[in-house]
Amino acid sequence: MALSIYLDGKFVDKKEDATVSIFEHGLLYGDGVFEGIRVYNGLVFRLEDHMGRLFNSAKGIDLKIPVSKEEMTELVLETTRRTGLDDCYIRLLVTRGIGDLGIDPRKCEKAAIYIIATGIALYPEDRYEQGLKVVTVSTRRTRPDMLNPQFKSLNYLNNILGKMEANRMGADEGIMLNAEGYVAECTADNIFAAKNRELFTPPPYHGILEGITRKVIIEIAKENNVPIHERGMVLQDFIAADEVFLTGSGAELIPVVEIDGRPVGDGKVGDGFRELRKLFQERTKYDGIPFK
Ligand code: PXG
């Protein structure tokens with residue numbers, strides 16, 4: 001598969017050459033931040049939003065990114081260009097860099113930048129046609145006053161534990177509640193409910209990452225005069241909804257037809273979802289930064 005990597009100062013295109021130090025604090029402590037970005041049709045989808053979130057996440061953990069936003073944008077575009085692909089996936093990481101054993105970040109002289117651009121394995125189309133079966137997991141999303149999920153840090157163990165629970169139950173995804181018992185999000189996606197042709201999604205500071213895809217859906221809803229509410233939601237709100245769907249750069253928009261063994265709405269993928277997905281797909285054709 002086409003692959004291009006920016007390895008903190010140089011471009012490499014072979015997996016074997018893309019190695020990092022064992023003293024990299026991103027590896028030793030999950031000390032860093034990242035972004036997962038999609039490329040559609042030769043355009044890096046919503047790159048400015050990803051840059052904004054990356055720099056915000058870095059600021060949140062007191063990590064100084066050693067390049068400007070403009071330079072980082074150029075690095076992303078160049079890495080993408082080198083794949084020769086028009087549609088791909090970009091993983092962008094900024095870590096505390098190479099230090100010593102011991103968590104003290106003062107031992108790390110300079111933050112490191114890694115960018116991977118490669119082809120993506122899309123979910124099979126039948127997932128979008130038939131919908132996902134999800135379960136509620138017992139792992140609660142991190143409280144914002146501990147490690148705010150709005151900072152996309154390399155510390156993903158909370159989500160991974162949630163995902164493993166869902167896997168054990170044979171479900172496609174896991175719904176994670178926040179510490180107060182409100183629905184937060186899934187393990188790598190935001191969650192929406194539709195009822196009476198209005199949309200609802202949990203708000204910031206309810207244990208969510210403010211997803212870029214979520215933001216795009218809110219924009220599309222507003223442009224199409226669909227009322228959209230960001231507000232606290234409990235599990236029953238989703239069970240009683242007409243439709244439920246997830247959003248994320250990986251999954252895009254994907255419908256949910258069953259929660260904890262109970263059907264959502266009539267248990268079938270709804271028309272509201274299909275309409276929104278179409279609008280989203282149209283948007284991906286032009287809403288991005290060209291790299292050619
Ligand atoms: N919540 C969490 C916890 C996430 O990790 C989202 C919501 C959706 O955000 P975006 O900005 O993507 O709409 C995410 C995103 C991967 C992968 O490789 C994970 C994400 C995105 C892309 C790829 O597992 N998570």
# chains A, B, ... in the order shown; residues from 1 in each chain; ligands from 1

call {"tool": "residues_near_ligand", "arguments": {"ligand": "ligand 1", "cutoff": "7 Å", "atoms": "only C-alpha atoms and all ligand atoms", "output": "VMD selection string"}}
result
chain A and resid 36 to 37 159 185 to 190 208 to 214 247 to 250

call {"tool": "residues_around", "arguments": {"residues": "Leu92 (chain A)", "least_positions_apart": "2", "cutoff": "8 Å", "atoms": "only C-alpha atoms", "output": "number ranges by chain"}}
result
A: 34-37, 76, 90, 94, 113-116

call {"tool": "atom_distance", "arguments": {"atom1": "CA of Ala58 (chain A)", "atom2": "CA of Leu3 (chain A)"}}
result
25.9 Å

call {"tool": "residues_around", "arguments": {"residues": "region 259-276 of chain A", "least_positions_apart": "2", "cutoff": "8 Å", "atoms": "only C-alpha atoms", "output": "ChimeraX atom specification"}}
result
/A:129-131,133-136,194,197,217,220,238-245,255-257,278-280

call {"tool": "write_last_selection", "arguments": {"atoms": "N, CA and C atoms", "output": "compact mmCIF listing (two decimals), in the first residue's frame"}}
result
# COMPACT_ATOMS: atom_id res chain seq x y z
N GLU A 129 -25.24 0.36 5.28
CA GLU A 129 -26.60 -0.03 4.86
C GLU A 129 -27.36 -0.68 5.99
N GLN A 130 -26.65 -1.52 6.77
CA GLN A 130 -27.35 -2.30 7.80
C GLN A 130 -27.26 -1.70 9.19
N GLY A 131 -26.27 -0.87 9.42
CA GLY A 131 -26.13 -0.23 10.73
C GLY A 131 -25.34 -1.06 11.72
N LYS A 133 -24.42 -2.52 15.65
CA LYS A 133 -24.98 -2.90 16.94
C LYS A 133 -23.98 -2.46 18.00
N VAL A 134 -24.41 -1.63 18.91
CA VAL A 134 -23.48 -1.12 19.91
C VAL A 134 -23.98 -1.48 21.31
N VAL A 135 -23.05 -1.41 22.25
CA VAL A 135 -23.40 -1.68 23.65
C VAL A 135 -22.87 -0.55 24.52
N THR A 136 -23.45 -0.41 25.70
CA THR A 136 -22.90 0.53 26.67
C THR A 136 -21.78 -0.20 27.42
N ALA A 194 -31.45 11.45 16.42
CA ALA A 194 -32.43 12.24 15.69
C ALA A 194 -33.81 11.88 16.21
N ARG A 197 -37.19 14.85 13.52
CA ARG A 197 -36.38 15.64 12.58
C ARG A 197 -35.60 16.77 13.25
N ILE A 217 -21.20 18.11 10.77
CA ILE A 217 -22.62 17.73 10.82
C ILE A 217 -23.46 18.86 11.41
N ILE A 220 -23.84 21.38 8.68
CA ILE A 220 -24.79 20.93 7.64
C ILE A 220 -26.22 21.04 8.15
N PHE A 238 -31.20 7.96 23.67
CA PHE A 238 -30.77 7.30 22.43
C PHE A 238 -31.67 6.11 22.10
N ILE A 239 -32.08 5.39 23.15
CA ILE A 239 -32.96 4.25 22.92
C ILE A 239 -34.30 4.74 22.35
N ALA A 240 -34.75 5.88 22.85
CA ALA A 240 -36.07 6.40 22.45
C ALA A 240 -36.00 7.26 21.18
N ALA A 241 -34.81 7.40 20.61
CA ALA A 241 -34.67 8.25 19.42
C ALA A 241 -35.24 7.56 18.18
N ASP A 242 -35.48 8.34 17.14
CA ASP A 242 -35.89 7.74 15.86
C ASP A 242 -34.69 7.11 15.17
N GLU A 243 -33.55 7.84 15.27
CA GLU A 243 -32.34 7.36 14.61
C GLU A 243 -31.14 7.73 15.47
N VAL A 244 -30.10 6.92 15.38
CA VAL A 244 -28.83 7.22 16.07
C VAL A 244 -27.71 6.98 15.07
N PHE A 245 -26.71 7.85 15.09
CA PHE A 245 -25.55 7.59 14.24
C PHE A 245 -24.29 8.13 14.90
N PRO A 255 -24.56 4.53 10.79
CA PRO A 255 -25.80 4.41 11.57
C PRO A 255 -25.73 3.34 12.66
N VAL A 256 -26.51 3.54 13.70
CA VAL A 256 -26.62 2.56 14.79
C VAL A 256 -28.06 2.06 14.80
N VAL A 257 -28.26 0.75 14.77
CA VAL A 257 -29.62 0.22 14.74
C VAL A 257 -30.00 -0.53 16.02
N LYS A 278 -25.46 11.73 2.52
CA LYS A 278 -25.29 12.25 1.16
C LYS A 278 -24.72 13.67 1.19
N LEU A 279 -25.29 14.49 2.06
CA LEU A 279 -24.82 15.87 2.18
C LEU A 279 -23.35 15.90 2.64
N PHE A 280 -23.02 14.99 3.56
CA PHE A 280 -21.63 14.94 4.05
C PHE A 280 -20.68 14.53 2.92

call {"tool": "residues_around", "arguments": {"residues": "region 170-182 of chain A", "least_positions_apart": "5", "cutoff": "8 Å", "atoms": "only C-alpha atoms", "output": "list in words"}}
result
Leu132, Lys133, Val134, Val135, Thr136, Val137, Ser138, Thr139, Arg140, Arg141, Thr142, Arg143, Gly162, Lys163, Glu165, Thr187, His206, Gly207, Gly232, Met233, Val234 and Leu235 of chain A
